[in-house]
Structure formats: structure tokens, C-alpha cells
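File shown: query34.txt (compact mmCIF, C-alpha atoms (C1' of nucleotides)).
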# COMPACT_ATOMS: atom_id res chain seq x y z
CA MET A 21 44.26 96.92 62.09
CA PHE A 22 44.46 100.03 64.20
CA LEU A 23 45.04 98.10 67.35
CA THR A 24 47.75 95.94 65.84
CA THR A 25 49.54 98.92 64.34
CA LYS A 26 49.59 100.81 67.59
CA GLY A 27 50.51 97.67 69.43
CA THR A 28 53.51 96.95 67.27
CA ALA A 29 54.88 100.48 67.26
CA GLN A 30 54.34 100.74 70.98
CA ARG A 31 56.12 97.49 71.66
CA ILE A 32 59.09 98.66 69.60
CA ILE A 33 59.18 101.96 71.47
CA GLU A 34 59.12 100.23 74.83
CA ALA A 35 61.84 97.80 73.82
CA ALA A 36 63.96 100.69 72.57
CA LEU A 37 63.30 102.65 75.76
CA GLN A 38 64.52 99.77 77.87
CA LEU A 39 67.57 98.87 75.81
CA ILE A 40 68.74 102.42 75.16
CA SER A 41 68.38 103.27 78.83
CA GLU A 42 70.43 100.23 79.74
CA LYS A 43 73.14 100.28 77.10
CA GLY A 44 72.95 103.69 75.56
CA TYR A 45 71.84 104.74 72.11
CA THR A 46 74.77 103.35 70.11
CA ALA A 47 75.05 100.05 71.92
CA ALA A 48 71.35 99.33 71.62
CA THR A 49 71.24 97.95 68.09
CA THR A 50 68.15 97.93 65.94
CA LYS A 51 68.50 94.16 65.78
CA THR A 52 68.34 93.67 69.55
CA ILE A 53 65.53 96.20 69.88
CA ALA A 54 63.49 94.33 67.27
CA GLU A 55 64.24 91.04 68.98
CA LEU A 56 63.13 92.31 72.37
CA ALA A 57 59.97 93.72 70.80
CA GLY A 58 59.32 90.33 69.18
CA VAL A 59 59.23 91.94 65.79
CA ASN A 60 61.18 91.70 62.57
CA GLU A 61 63.92 94.28 62.23
CA VAL A 62 62.43 95.57 58.97
CA THR A 63 59.21 96.44 60.77
CA LEU A 64 61.14 98.83 62.95
CA PHE A 65 62.37 100.77 59.93
CA ARG A 66 58.96 100.69 58.30
CA HIS A 67 57.51 102.37 61.36
CA PHE A 68 60.18 104.90 62.25
CA GLY A 69 62.23 105.36 59.07
CA ASN A 70 65.55 105.17 60.82
CA LYS A 71 67.06 104.71 64.26
CA ARG A 72 66.89 108.39 65.11
CA GLY A 73 63.22 108.40 64.25
CA LEU A 74 62.77 105.81 66.94
CA LEU A 75 64.47 108.03 69.50
CA LYS A 76 62.36 110.93 68.33
CA ALA A 77 59.23 108.85 68.89
CA ILE A 78 60.40 108.13 72.42
CA ILE A 79 60.92 111.81 73.15
CA GLU A 80 57.55 112.69 71.62
CA GLN A 81 55.79 110.07 73.64
CA PHE A 82 57.33 111.41 76.79
CA SER A 83 56.42 115.00 76.03
CA TYR A 84 52.79 113.95 76.31
CA TYR A 85 53.43 112.26 79.62
CA PRO A 86 51.18 113.73 82.34
CA LEU A 87 53.50 116.00 84.21
CA LEU A 88 53.91 115.97 87.94
CA GLN A 89 53.42 119.72 88.06
CA GLN A 90 49.64 119.85 88.19
CA GLU A 91 49.48 117.26 90.89
CA ILE A 92 51.69 119.20 93.23
CA ASN A 93 49.19 121.86 94.14
CA GLN A 94 46.54 119.28 94.87
CA ASN A 95 46.08 118.00 98.40
CA VAL A 96 47.89 120.96 99.87
CA THR A 97 47.18 121.18 103.56
CA TRP A 98 49.49 124.06 104.41
CA GLU A 99 51.12 121.87 107.00
CA LEU A 100 54.77 121.97 105.99
CA GLU A 101 56.03 118.50 106.79
CA LYS A 102 52.89 116.80 105.60
CA ASP A 103 52.91 118.68 102.29
CA LEU A 104 56.60 118.19 101.66
CA LEU A 105 56.43 114.48 102.40
CA ASN A 106 53.46 114.14 100.11
CA PHE A 107 55.33 116.01 97.40
CA SER A 108 58.57 114.12 97.87
CA LEU A 109 56.85 110.76 97.63
CA LYS A 110 55.08 111.85 94.46
CA HIS A 111 58.28 113.29 93.05
CA PHE A 112 60.23 110.14 93.79
CA HIS A 113 57.67 107.78 92.32
CA PHE A 114 57.19 110.04 89.33
CA LEU A 115 60.91 109.84 88.60
CA MET A 116 60.81 106.08 89.08
CA SER A 117 57.94 105.78 86.61
CA ILE A 118 59.94 107.55 83.92
CA LYS A 119 63.23 106.11 85.08
CA ASP A 120 64.24 104.76 81.67
CA PHE A 121 63.64 108.09 80.05
CA VAL A 122 65.58 109.96 82.72
CA MET A 123 68.49 107.58 82.24
CA ILE A 124 68.48 108.15 78.50
CA GLY A 125 68.36 111.86 79.16
CA PHE A 126 71.48 111.71 81.27
CA LYS A 127 73.29 109.26 79.01
CA GLU A 128 72.68 110.99 75.72
CA SER A 129 72.47 114.59 76.87
CA ILE A 130 75.56 115.54 74.90
CA GLN A 131 74.74 113.69 71.70
CA PHE A 132 71.04 114.59 71.75
CA PRO A 133 70.56 117.95 73.45
CA GLU A 134 66.81 117.85 72.74
CA ILE A 135 66.43 115.23 75.43
CA SER A 136 68.35 117.32 77.93
CA GLU A 137 65.88 120.15 77.47
CA GLU A 138 62.95 117.83 77.96
CA ILE A 139 64.53 116.43 81.11
CA ALA A 140 65.51 119.83 82.46
CA ASN A 141 61.90 120.92 82.18
CA ILE A 142 60.91 118.70 85.07
CA PRO A 143 62.98 120.40 87.80
CA LEU A 144 62.24 123.79 86.25
CA LEU A 145 58.48 123.39 86.51
CA ILE A 146 58.67 121.85 89.94
CA LYS A 147 60.99 124.58 91.13
CA LYS A 148 58.46 127.22 90.12
CA GLU A 149 55.65 125.51 91.99
CA LEU A 150 57.74 124.96 95.09
CA ILE A 151 58.86 128.58 95.21
CA HIS A 152 55.22 129.68 95.13
CA TYR A 153 54.39 127.29 97.89
CA PHE A 154 57.27 128.48 100.04
CA GLN A 155 56.39 132.12 99.49
CA GLU A 156 52.80 131.53 100.51
CA MET A 157 53.90 129.56 103.56
CA HIS A 158 56.20 132.39 104.49
CA GLN A 159 53.39 134.91 104.24
CA GLN A 160 51.33 132.67 106.47
CA GLY A 161 54.22 132.95 108.89
CA LYS A 162 54.81 129.23 108.84
CA ILE A 163 58.36 129.18 107.51
CA ARG A 164 61.24 131.54 108.03
CA GLU A 165 62.83 133.71 105.42
CA VAL A 166 65.38 131.95 103.28
CA ASP A 167 66.34 131.97 99.62
CA PHE A 168 63.27 130.20 98.34
CA GLU A 169 64.84 129.28 95.03
CA ALA A 170 67.76 127.64 96.78
CA ALA A 171 65.35 125.90 99.14
CA ALA A 172 63.28 124.56 96.25
CA LEU A 173 66.37 123.39 94.39
CA SER A 174 67.58 121.68 97.53
CA LEU A 175 64.42 119.67 98.01
CA ILE A 176 64.49 118.70 94.35
CA ALA A 177 68.16 117.70 94.60
CA LEU A 178 67.39 115.72 97.73
CA ASN A 179 64.67 113.68 96.04
CA PHE A 180 66.64 113.33 92.86
CA GLY A 181 69.66 112.09 94.77
CA HIS A 182 67.58 109.46 96.52
CA PHE A 183 66.09 108.46 93.18
CA MET A 184 69.46 108.10 91.48
CA SER A 185 70.85 106.09 94.34
CA ARG A 186 67.95 103.66 94.25
CA ALA A 187 67.59 103.54 90.47
CA ARG A 188 71.23 102.86 89.68
CA LEU A 189 72.75 101.39 92.80
CA GLY A 190 69.74 99.60 94.24
CA THR A 191 70.25 98.58 97.83
CA ILE A 192 74.05 98.61 97.70
CA VAL A 193 74.27 101.91 99.54
CA SER A 194 71.45 101.25 101.95
CA ASP A 195 68.56 98.87 102.33
CA LEU A 196 66.38 101.29 104.25
CA PRO A 197 62.83 101.25 102.89
CA THR A 198 62.25 104.17 100.56
CA GLU A 199 59.31 105.50 102.55
CA GLU A 200 61.29 105.55 105.78
CA LEU A 201 64.22 107.22 104.11
CA LEU A 202 62.09 109.92 102.52
CA GLN A 203 60.22 110.48 105.74
CA THR A 204 63.37 111.17 107.75
CA SER A 205 64.73 113.15 104.86
CA VAL A 206 61.69 115.41 104.72
CA ALA A 207 61.41 115.61 108.49
CA ILE A 208 64.88 117.11 108.71
CA PHE A 209 64.35 119.40 105.76
CA SER A 210 61.02 120.81 106.87
CA ARG A 211 62.24 121.26 110.42
CA GLY A 212 65.01 123.37 108.93
CA LEU A 213 62.46 125.64 107.31
CA VAL A 214 59.92 126.27 110.06
CA SER A 215 59.98 129.59 111.82
CA MET B 23 111.78 106.66 77.79
CA PHE B 24 109.86 106.22 81.03
CA LEU B 25 108.45 109.68 80.88
CA THR B 26 107.31 109.34 77.30
CA THR B 27 105.72 105.96 77.94
CA LYS B 28 103.78 107.17 80.91
CA GLY B 29 102.87 110.33 79.09
CA THR B 30 101.44 108.50 76.11
CA ALA B 31 99.43 105.99 78.09
CA GLN B 32 98.15 108.72 80.36
CA ARG B 33 97.08 110.87 77.46
CA ILE B 34 95.18 107.96 75.96
CA ILE B 35 93.48 107.27 79.28
CA GLU B 36 92.43 110.88 79.65
CA ALA B 37 91.09 111.05 76.11
CA ALA B 38 89.15 107.83 76.68
CA LEU B 39 87.84 109.12 80.00
CA GLN B 40 86.50 112.24 78.33
CA LEU B 41 85.00 110.58 75.27
CA ILE B 42 83.48 107.62 77.05
CA SER B 43 81.93 109.90 79.64
CA GLU B 44 80.46 112.04 76.89
CA LYS B 45 79.30 109.43 74.40
CA GLY B 46 79.36 106.17 76.26
CA TYR B 47 81.66 103.19 75.86
CA THR B 48 80.36 101.92 72.51
CA ALA B 49 80.04 105.29 70.80
CA ALA B 50 83.53 106.33 71.83
CA THR B 51 85.55 104.59 69.13
CA THR B 52 89.20 103.69 69.46
CA LYS B 53 89.83 105.87 66.43
CA THR B 54 88.39 109.02 67.99
CA ILE B 55 90.06 108.29 71.31
CA ALA B 56 93.43 107.96 69.58
CA GLU B 57 92.80 111.16 67.64
CA LEU B 58 91.92 113.12 70.77
CA ALA B 59 95.01 111.76 72.49
CA GLY B 60 97.11 112.84 69.52
CA VAL B 61 98.35 109.30 69.08
CA ASN B 62 98.17 106.62 66.43
CA GLU B 63 95.36 104.14 66.90
CA VAL B 64 97.80 101.23 66.93
CA THR B 65 99.58 102.73 69.92
CA LEU B 66 96.37 102.43 71.88
CA PHE B 67 96.21 98.69 71.26
CA ARG B 68 99.91 98.26 71.98
CA HIS B 69 99.38 99.82 75.39
CA PHE B 70 96.10 98.31 76.47
CA GLY B 71 95.64 95.21 74.31
CA ASN B 72 92.02 95.88 73.52
CA LYS B 73 89.30 98.42 74.19
CA ARG B 74 88.19 96.78 77.41
CA GLY B 75 91.74 96.93 78.67
CA LEU B 76 91.54 100.66 78.27
CA LEU B 77 88.41 100.81 80.39
CA LYS B 78 90.08 98.58 82.94
CA ALA B 79 92.99 101.00 83.09
CA ILE B 80 90.58 103.83 83.76
CA ILE B 81 88.94 101.96 86.60
CA GLU B 82 92.32 101.00 88.03
CA GLN B 83 93.57 104.55 87.88
CA PHE B 84 90.50 105.73 89.72
CA SER B 85 90.79 103.11 92.44
CA TYR B 86 94.04 104.78 93.45
CA TYR B 87 92.41 108.18 93.49
CA PRO B 88 92.80 109.82 96.94
CA LEU B 89 89.45 109.26 98.50
CA LEU B 90 87.43 111.98 100.13
CA GLN B 91 86.92 109.85 103.19
CA GLN B 92 90.10 110.70 105.06
CA GLU B 93 89.62 114.39 104.52
CA ILE B 94 86.20 114.42 106.11
CA ASN B 95 87.35 114.01 109.68
CA GLN B 96 89.87 116.78 109.30
CA ASN B 97 88.98 120.31 110.27
CA VAL B 98 86.08 119.14 112.39
CA THR B 99 84.98 121.93 114.69
CA TRP B 100 81.93 120.23 116.20
CA GLU B 101 79.88 123.18 115.10
CA LEU B 102 77.15 121.54 113.04
CA GLU B 103 76.50 124.01 110.26
CA LYS B 104 80.14 124.89 109.83
CA ASP B 105 81.18 121.24 109.61
CA LEU B 106 78.39 120.24 107.26
CA LEU B 107 79.05 123.16 104.93
CA ASN B 108 82.73 122.32 104.90
CA PHE B 109 81.90 118.71 104.14
CA SER B 110 79.34 119.52 101.48
CA LEU B 111 81.69 121.83 99.64
CA LYS B 112 84.39 119.19 99.71
CA HIS B 113 81.94 116.50 98.65
CA PHE B 114 80.64 118.59 95.76
CA HIS B 115 84.04 119.54 94.45
CA PHE B 116 85.31 116.01 94.89
CA LEU B 117 82.47 114.74 92.70
CA MET B 118 83.19 117.48 90.18
CA SER B 119 86.85 116.47 90.06
CA ILE B 120 85.94 112.90 89.15
CA LYS B 121 82.90 113.93 87.17
CA ASP B 122 83.87 112.00 84.03
CA PHE B 123 84.36 108.84 85.99
CA VAL B 124 81.06 109.22 87.81
CA MET B 125 79.31 109.70 84.49
CA ILE B 126 80.89 106.56 83.07
CA GLY B 127 79.85 104.77 86.21
CA PHE B 128 76.25 105.71 85.74
CA LYS B 129 76.25 105.17 81.99
CA GLU B 130 77.87 101.77 81.94
CA SER B 131 76.74 100.42 85.27
CA ILE B 132 74.70 97.67 83.62
CA GLN B 133 77.26 96.62 81.03
CA PHE B 134 80.23 96.91 83.39
CA PRO B 135 79.12 96.15 86.95
CA GLU B 136 82.69 96.53 88.21
CA ILE B 137 82.39 100.27 87.76
CA SER B 138 79.16 100.38 89.70
CA GLU B 139 80.85 98.81 92.67
CA GLU B 140 83.69 101.30 92.52
CA ILE B 141 81.23 104.18 92.32
CA ALA B 142 79.00 102.84 95.07
CA ASN B 143 82.00 102.78 97.37
CA ILE B 144 82.05 106.55 97.59
CA PRO B 145 78.66 107.05 99.25
CA LEU B 146 79.22 103.95 101.35
CA LEU B 147 82.44 105.24 102.88
CA ILE B 148 81.07 108.73 103.32
CA LYS B 149 77.92 107.37 104.91
CA LYS B 150 79.96 105.56 107.51
CA GLU B 151 81.92 108.66 108.43
CA LEU B 152 78.85 110.84 108.58
CA ILE B 153 77.01 108.40 110.83
CA HIS B 154 79.93 108.47 113.24
CA TYR B 155 79.95 112.23 113.19
CA PHE B 156 76.20 112.43 113.84
CA GLN B 157 76.40 109.94 116.69
CA GLU B 158 79.16 111.89 118.34
CA MET B 159 77.29 115.15 117.89
CA HIS B 160 74.24 113.55 119.41
CA GLN B 161 76.20 112.42 122.44
CA GLN B 162 77.47 115.95 122.78
CA GLY B 163 73.82 116.94 122.87
CA LYS B 164 74.19 119.09 119.81
CA ILE B 165 71.74 117.33 117.52
CA ARG B 166 68.49 115.59 118.23
CA GLU B 167 67.81 111.93 117.86
CA VAL B 168 66.98 110.85 114.33
CA ASP B 169 67.79 107.88 112.13
CA PHE B 170 71.44 108.75 111.58
CA GLU B 171 71.77 106.50 108.56
CA ALA B 172 68.83 108.17 106.87
CA ALA B 173 70.24 111.56 107.81
CA ALA B 174 73.63 110.71 106.36
CA LEU B 175 72.08 109.34 103.18
CA SER B 176 70.01 112.48 102.86
CA LEU B 177 72.97 114.81 103.05
CA ILE B 178 74.78 112.68 100.50
CA ALA B 179 71.73 112.65 98.22
CA LEU B 180 71.44 116.41 98.62
CA ASN B 181 74.99 117.04 97.50
CA PHE B 182 74.81 114.44 94.79
CA GLY B 183 71.64 115.96 93.44
CA HIS B 184 73.22 119.38 93.28
CA PHE B 185 76.24 117.85 91.57
CA MET B 186 74.19 116.04 88.94
CA SER B 187 72.16 119.12 88.21
CA ARG B 188 75.24 121.23 87.67
CA ALA B 189 77.28 118.57 85.90
CA ARG B 190 74.66 117.58 83.36
CA LEU B 191 72.25 120.49 83.09
CA GLY B 192 74.61 123.37 83.82
CA THR B 193 72.78 126.57 84.59
CA ILE B 194 69.55 125.58 82.82
CA VAL B 195 67.79 124.83 86.07
CA SER B 196 69.28 127.69 88.04
CA ASP B 197 72.15 130.12 87.76
CA LEU B 198 72.60 130.53 91.48
CA PRO B 199 76.30 130.34 92.40
CA THR B 200 77.18 126.91 93.71
CA GLU B 201 78.53 128.24 96.99
CA GLU B 202 75.35 130.17 97.72
CA LEU B 203 73.19 127.20 96.83
CA LEU B 204 75.14 124.82 99.02
CA GLN B 205 75.19 127.30 101.87
CA THR B 206 71.40 127.65 101.94
CA SER B 207 71.08 123.93 101.38
CA VAL B 208 73.26 123.11 104.37
CA ALA B 209 71.74 125.87 106.51
CA ILE B 210 68.29 124.29 106.16
CA PHE B 211 69.59 120.77 106.66
CA SER B 212 71.65 121.49 109.78
CA ARG B 213 68.87 123.58 111.28
CA GLY B 214 66.68 120.53 110.89
CA LEU B 215 69.10 118.47 112.92
CA VAL B 216 69.90 120.70 115.90
CA SER B 217 68.30 119.92 119.21
C1' DC C 7 35.60 86.17 48.03
C1' DT C 8 38.87 89.52 47.28
C1' DT C 9 41.64 93.35 48.29
C1' DC C 10 44.65 95.82 51.09
C1' DC C 11 47.74 96.50 54.69
C1' DA C 12 50.78 95.16 58.16
C1' DT C 13 54.18 92.07 58.91
C1' DG C 14 57.62 88.24 58.12
C1' DC C 15 61.48 86.43 55.58
C1' DA C 16 65.70 86.31 52.70
C1' DA C 17 69.32 88.51 50.82
C1' DG C 18 72.24 92.06 50.18
C1' DT C 19 75.08 96.60 50.67
C1' DA C 20 78.00 100.24 52.11
C1' DA C 21 80.13 101.94 56.06
C1' DT C 22 82.20 101.42 60.33
C1' DT C 23 84.68 99.12 64.08
C1' DA C 24 87.97 96.60 66.80
C1' DC C 25 92.05 94.65 65.98
C1' DT C 26 96.39 92.70 63.34
C1' DT C 27 100.65 92.53 60.78
C1' DA C 28 104.78 94.22 58.69
C1' DC C 29 107.91 97.73 58.16
C1' DA C 30 109.98 102.33 58.77
C1' DT C 31 111.62 105.95 62.04
C1' DC C 32 113.25 108.12 66.02
C1' DC C 33 115.10 108.77 70.61
C1' DT C 34 117.71 107.41 74.25
C1' DA C 35 120.74 104.59 77.27
C1' DG C 36 124.91 102.22 77.49
C1' DC D 13 128.15 104.84 67.81
C1' DT D 14 124.86 101.42 68.29
C1' DA D 15 121.11 98.54 69.91
C1' DG D 16 116.49 98.45 71.61
C1' DG D 17 112.19 100.10 72.76
C1' DA D 18 108.42 103.20 71.71
C1' DT D 19 105.91 105.19 68.13
C1' DG D 20 104.16 106.22 63.25
C1' DT D 21 102.41 104.51 58.74
C1' DA D 22 100.09 101.56 55.54
C1' DA D 23 97.26 97.98 54.54
C1' DG D 24 94.16 94.67 55.52
C1' DT D 25 90.44 91.55 57.83
C1' DA D 26 86.42 89.70 59.95
C1' DA D 27 82.45 91.13 62.19
C1' DT D 28 78.85 94.20 62.96
C1' DT D 29 75.54 97.89 61.95
C1' DA D 30 71.98 100.71 59.92
C1' DC D 31 69.26 100.36 56.25
C1' DT D 32 67.13 98.57 51.54
C1' DT D 33 64.67 95.73 48.28
C1' DG D 34 61.65 92.13 46.68
C1' DC D 35 58.53 88.76 47.63
C1' DA D 36 55.52 85.79 50.45
C1' DT D 37 51.74 85.47 53.99
C1' DG D 38 47.92 86.27 56.75
C1' DG D 39 44.06 88.54 58.60
C1' DA D 40 40.50 91.95 58.55
C1' DA D 41 37.25 95.03 56.01
C1' DG D 42 34.25 95.72 52.28

Represent the structure of the file as C-alpha cells.
Amino acid sequence: MFLTTKGTAQRIIEAALQLISEKGYTAATTKTIAELAGVNEVTLFRHFGNKRGLLKAIIEQFSYYPLLQQEINQNVTWELEKDLLNFSLKHFHFLMSIKDFVMIGFKESIQFPEISEEIANIPLLIKKELIHYFQEMHQQGKIREVDFEAAALSLIALNFGHFMSRARLGTIVSDLPTEELLQTSVAIFSRGLVS
Amino acid sequence: MFLTTKGTAQRIIEAALQLISEKGYTAATTKTIAELAGVNEVTLFRHFGNKRGLLKAIIEQFSYYPLLQQEINQNVTWELEKDLLNFSLKHFHFLMSIKDFVMIGFKESIQFPEISEEIANIPLLIKKELIHYFQEMHQQGKIREVDFEAAALSLIALNFGHFMSRARLGTIVSDLPTEELLQTSVAIFSRGLVS
DNA sequence: CTTCCATGCAAGTAATTACTTACATCCTAG
DNA sequence: CTAGGATGTAAGTAATTACTTGCATGGAAG
């Protein structure tokens, strides 16, 4: 009973996540969502009341998603390139793992500002952590003095750009393996920071 | 007669561009588009046949948009940081100028693959130019040997990331002036490339 | 065995949406 | 002045959409 309930609701949420991220909120109809979830359309309304309730459930579910933030400070070696590559790989794969949600965030940011805030939290938290890291590295004399906020934002933009390119355009732009791309990317960036 | 015709169609296209980029293709109704254009809904259908025809007109209009590509090779000074900053500023403002179209491209890429192709052309062309530039700079002994494709993609991702952040999240993530941000961004990147 | 509870199924409803048709009006070019 | 093309207005239509209601079913817990 408990398992089935959770299973059904979860399947609906995942179907909605996929369809809304592909087609957008309006174009993803409750009928197609129910179909993809393998569930009767009425069941959807019984669980979430209305279509917006479904979106709300998606946002809620995401807000409990284990954030990247805590992981960043782990495995810090205070070797710039090594740390930044480690971070960038994590950042990239984190974005990929919540790809559907990110896409919804960008698609519906105007119609549903709540999602925008949730999405904007990611770079904000990461920015904070990165600035700390850069400041500490600077005090250790390992990187030169730059605007650390701008530097943090740049690394985030770099990873995000790679993510968007891969997530939406696939290999149209380039078929370089992600790891290779990120490695060169980080190599250049960290070399630009060292003293 | 000619002026009025072109004026009406153009106003409809611009209204559609704005609304579709904000709400997505399905949520932007022909009624609201006509209203925003200050035109009767029937006029819209008389000009473009159906709603898809309107989208097609948008794509067509964009395909004639003066591409950034040609401008890149102009004003090249063969001073790395200066050139890259010049390029990045142009790249950023170019993306901003076609912001609505880029947003449509990312929102409707699955439902309308034609747009994806059009959008993917931008980084592809820029990548080509940047690779040439890097190769030449390398031969001049001004930058070290790296994977030039990965380097080009990284600079593009960097600028695109900054663009997306500003275009969709505004100043939530940071209120640093764009010029300052890009300057630091490029300073780090070009320093990472010099021999 | 029975009693819920989640779900399926059938049918329907009010609103909206893309699109059409027919007719009136206006502006401009010849 | 007039004829034609572009636009507005009014009305309507078929399809779709979010959402509801009532009833049947099936499986698990007591």
C-alpha cells in the first residue's frame, strides 16, 4: 500500500519531469504525462489536485536533492589544477543528473519564478564556496590576486556552458569526449590563475 | 502599401518572437501574439497561414541575420588578451541581441529540430574561426600548444555561460558589471594560454 | 472473509485554441 | 474618381485541455 502509493506518485513525477523538460509546461498535457507514467489520467489529479500541484511536487522533490555544495570541500588537495578539475567534473555531472530540472528552470523561469530561484541557488552556493577556496589559495601564495568573485563566476559559466552545449546540442558542436574537454578547459583556466 | 505590409508582418513576427521566447511555442497563443502586435488575429493567419508558418518566418528572418563570424577576424591585433576580450565582448553582445531567438532555440529544440540546427551553427562557425586564430598565434610563438578545439570550445562556453546567467537570472547570481566580469574572465583565460 | 484504499474506466463539462468564412472599411495607386 | 489590396469585425467550428463525477475492481490488512 505504501510502496504502491509512492511508486505511482513517483512515476507520475518522473514522467512529468521528462515531458515538461522536453516540451514545456503547457505543451506537456496531463494526458500524455499519465500515459508515459502508465497510469490513468484521473490518478494524476487524485495525487496532485491539479497540474500546478504536479509542478510544485517536482520543485519540492528537487529542493531535497543532495546539493553539490557539501561535496565541493571534500577531497581538497590544495593543488589548483587537480582541485579545479575534480570540481568541474563533479559540477558537470551534477548538472547532467538534474538536467531535466535545469531545463524546466530555464524554460519556465518567466511563468514560474519559484523555479528560477531554486535554480539560481546552485551557482550562488557554488560561487560562495569557490570564492573561499580561491581566497585560501591566495593566502597560501598559490594563486595571484584577481577578482575572486569574477573568477568563481567564470569557472561556473565555463562548466555551465559545456553542460548546455552537451545537454541540448549533443555532439553537433564537437564530439570531443567530455573528460578531455573539461581537462583542457580546466588546464587553461587554472594556469591563468597561478602566481 | 508595401511599407504597411512589411510593417504589419514584422510587428507580428516581433511579438511572436518575444512571447514564444518567454512562454514557449504552445503557451504563446495566436490571440496574445496578435494583441501584442496590435493587430487582429485574422491578420496573423492571412500573413503566415498557420502558427507554424509564423515560427518558420522567425527562423527565416534569423537565418539572414548578419552573423558574428565575419566580424571576428576584423580588428585582430595579434595581442592575445586584447583580441580575446574584443571577441568575447562582441560574442556576448551578439548573443544578447538575438537573445529571444536563442531562448526559443533552447526551449523548442526537441519539438522543432530545425531551430536547433540554426542555433548550433553559431558556435560551429565561431569555433572554426577561433581555431584558426589559435593556430596562427601558436605559429607566432605567442601561445603554447594545447588542444585548440577544446580551447575554442572553452572560450565559447565561457561566454555562453555568462550570457545565460545574465539573460535568464539577471543579477541574482552577481551584480558585477558585465564588462568587468568579462575582462577578468578573459584575463584568466588568455593568461592560461600564453607561452 | 471483509473492509478499505488505491486505481481503472466511462462519460461528461466548461474553457480555450487554432483556424475559417463572410462582409465591411480604408488607403493608395493609377 | 475608382478599383484593389490590406486590414478590421463578427461569428462560428472542430479539436483539445484541465478537471470532475460515479462506479467498478482488485489487492492487502485486520

**OP:** Find the spatial neighbours of stretch 22-27 of chain C, counting all atoms listed in the file, within a cut-off of 10 Å - ignore same-chain residues fewer than 3 positions away - and output them as a list in words.
**Re:** Thr48, Thr51, Thr52, Lys53, Val64, Phe67, Gly71, Asn72 and Lys73 of chain B; DA23, DG24, DT25, DA26, DA27, DT28 and DT29 of chain D

Original post:
Which residues, written as a list of chain:residue names, have at least one atom at most 9 Å from B:Ile210, with all atoms listed in the file counted and residues fewer than 4 positions away on the same chain left out?
Top reply: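 Contacts, in chain order: A:Val166, A:Ala171, A:Ile208, A:Phe209, A:Ser210, A:Arg211, A:Gly212, A:Leu213, B:Gln205, B:Thr206, B:Gly214, B:Leu215.
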
Mind dumping the selected residues with C-alpha atoms as a PDB file, in the coordinates of the input?
ATOM      1  CA  VAL A 166      65.380 131.950 103.280  1.00  0.00           C
ATOM      2  CA  ALA A 171      65.350 125.900  99.140  1.00  0.00           C
ATOM      3  CA  ILE A 208      64.880 117.110 108.710  1.00  0.00           C
ATOM      4  CA  PHE A 209      64.350 119.400 105.760  1.00  0.00           C
ATOM      5  CA  SER A 210      61.020 120.810 106.870  1.00  0.00           C
ATOM      6  CA  ARG A 211      62.240 121.260 110.420  1.00  0.00           C
ATOM      7  CA  GLY A 212      65.010 123.370 108.930  1.00  0.00           C
ATOM      8  CA  LEU A 213      62.460 125.640 107.310  1.00  0.00           C
TER       9      LEU A 213
ATOM     10  CA  GLN B 205      75.190 127.300 101.870  1.00  0.00           C
ATOM     11  CA  THR B 206      71.400 127.650 101.940  1.00  0.00           C
ATOM     12  CA  GLY B 214      66.680 120.530 110.890  1.00  0.00           C
ATOM     13  CA  LEU B 215      69.100 118.470 112.920  1.00  0.00           C
TER      14      LEU B 215
END

Kindly provide, as a CSV table (one decimal) with C-alpha atoms (C1' of nucleotides), in the frame of the given file, the residues of chain C having any atom no farther than 8 Å from an atom of chain A, counting only C-alpha atoms (C1' of nucleotides).
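Output file selection08.csv is given in full below:
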chain,number,residue,atom,x,y,z
C,12,DA,C1',50.8,95.2,58.2
C,13,DT,C1',54.2,92.1,58.9
C,14,DG,C1',57.6,88.2,58.1

**OP:** Select residues of chain D: the criterion is any atom within 9 Å of an atom of chain A, counting only C-alpha atoms (C1' of nucleotides); output as a PyMOL selection string.
**Re:** chain D and resi 29-31+40

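Using all atoms listed in the file, one finds that the residues of chain A close to chain B, at 6 Å or less, are A:Thr46, A:Ala47, A:Lys127, A:Leu144, A:Ala170, A:Ser174, A:Ala177, A:Leu178, A:Phe180, A:Gly181, A:His182, A:Val193, A:Leu201, A:Ser205, A:Ile208, A:Phe209, A:Arg211, A:Gly212.
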
Subject >> Point-to-point distance in Å for atom CA of B:Phe123 and atom CA of B:Phe84 >> reply: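 A separation of 7.8 Å between them.
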
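Computed from the coordinates, the atom CA of A:Ser215 to atom CA of A:Ile146 distance equals 23.2 Å.
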
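As for atom CA of A:Leu150 and atom CA of B:Ser110, they are spaced 23.2 Å apart.
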
**OP:** Can you pull out every residue within 9 Å of A:Val96, counting only C-alpha atoms (C1' of nucleotides), but drop anything in the same chain fewer than 5 positions away, and send it as a list in words?
**Re:**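 Final neighbour list, sorted by chain and number: Lys102, Asp103 and Asn106 of chain A.
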
Original post:
If we count only C-alpha atoms (C1' of nucleotides), what is near A:Trp98 at a cut-off of 10 Å, once residues fewer than 2 positions away on the same chain are taken out, given as a ChimeraX atom specification?
Top reply: /A:95-96,100-104,153-154,156-157,160,162

Subject >> Polymer residues at most 12 Å from B:Gly60, all atoms listed in the file, same-chain spacing of 2 or more positions, as a PyMOL selection string >> reply: (chain B and resi 29-38+53-58+62-66) or (chain D and resi 19-20)

Could you save the residues just selected, with C-alpha atoms (C1' of nucleotides), as an mmCIF file, in the coordinates of the input?
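Ended up saving to result_16.cif:
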data_model
loop_
_atom_site.group_PDB
_atom_site.id
_atom_site.type_symbol
_atom_site.label_atom_id
_atom_site.label_comp_id
_atom_site.auth_asym_id
_atom_site.auth_seq_id
_atom_site.Cartn_x
_atom_site.Cartn_y
_atom_site.Cartn_z
ATOM 1 C CA GLY B 29 102.870 110.330 79.090
ATOM 2 C CA THR B 30 101.440 108.500 76.110
ATOM 3 C CA ALA B 31 99.430 105.990 78.090
ATOM 4 C CA GLN B 32 98.150 108.720 80.360
ATOM 5 C CA ARG B 33 97.080 110.870 77.460
ATOM 6 C CA ILE B 34 95.180 107.960 75.960
ATOM 7 C CA ILE B 35 93.480 107.270 79.280
ATOM 8 C CA GLU B 36 92.430 110.880 79.650
ATOM 9 C CA ALA B 37 91.090 111.050 76.110
ATOM 10 C CA ALA B 38 89.150 107.830 76.680
ATOM 11 C CA LYS B 53 89.830 105.870 66.430
ATOM 12 C CA THR B 54 88.390 109.020 67.990
ATOM 13 C CA ILE B 55 90.060 108.290 71.310
ATOM 14 C CA ALA B 56 93.430 107.960 69.580
ATOM 15 C CA GLU B 57 92.800 111.160 67.640
ATOM 16 C CA LEU B 58 91.920 113.120 70.770
ATOM 17 C CA ASN B 62 98.170 106.620 66.430
ATOM 18 C CA GLU B 63 95.360 104.140 66.900
ATOM 19 C CA VAL B 64 97.800 101.230 66.930
ATOM 20 C CA THR B 65 99.580 102.730 69.920
ATOM 21 C CA LEU B 66 96.370 102.430 71.880
ATOM 22 C "C1'" DT D 19 105.910 105.190 68.130
ATOM 23 C "C1'" DG D 20 104.160 106.220 63.250
#
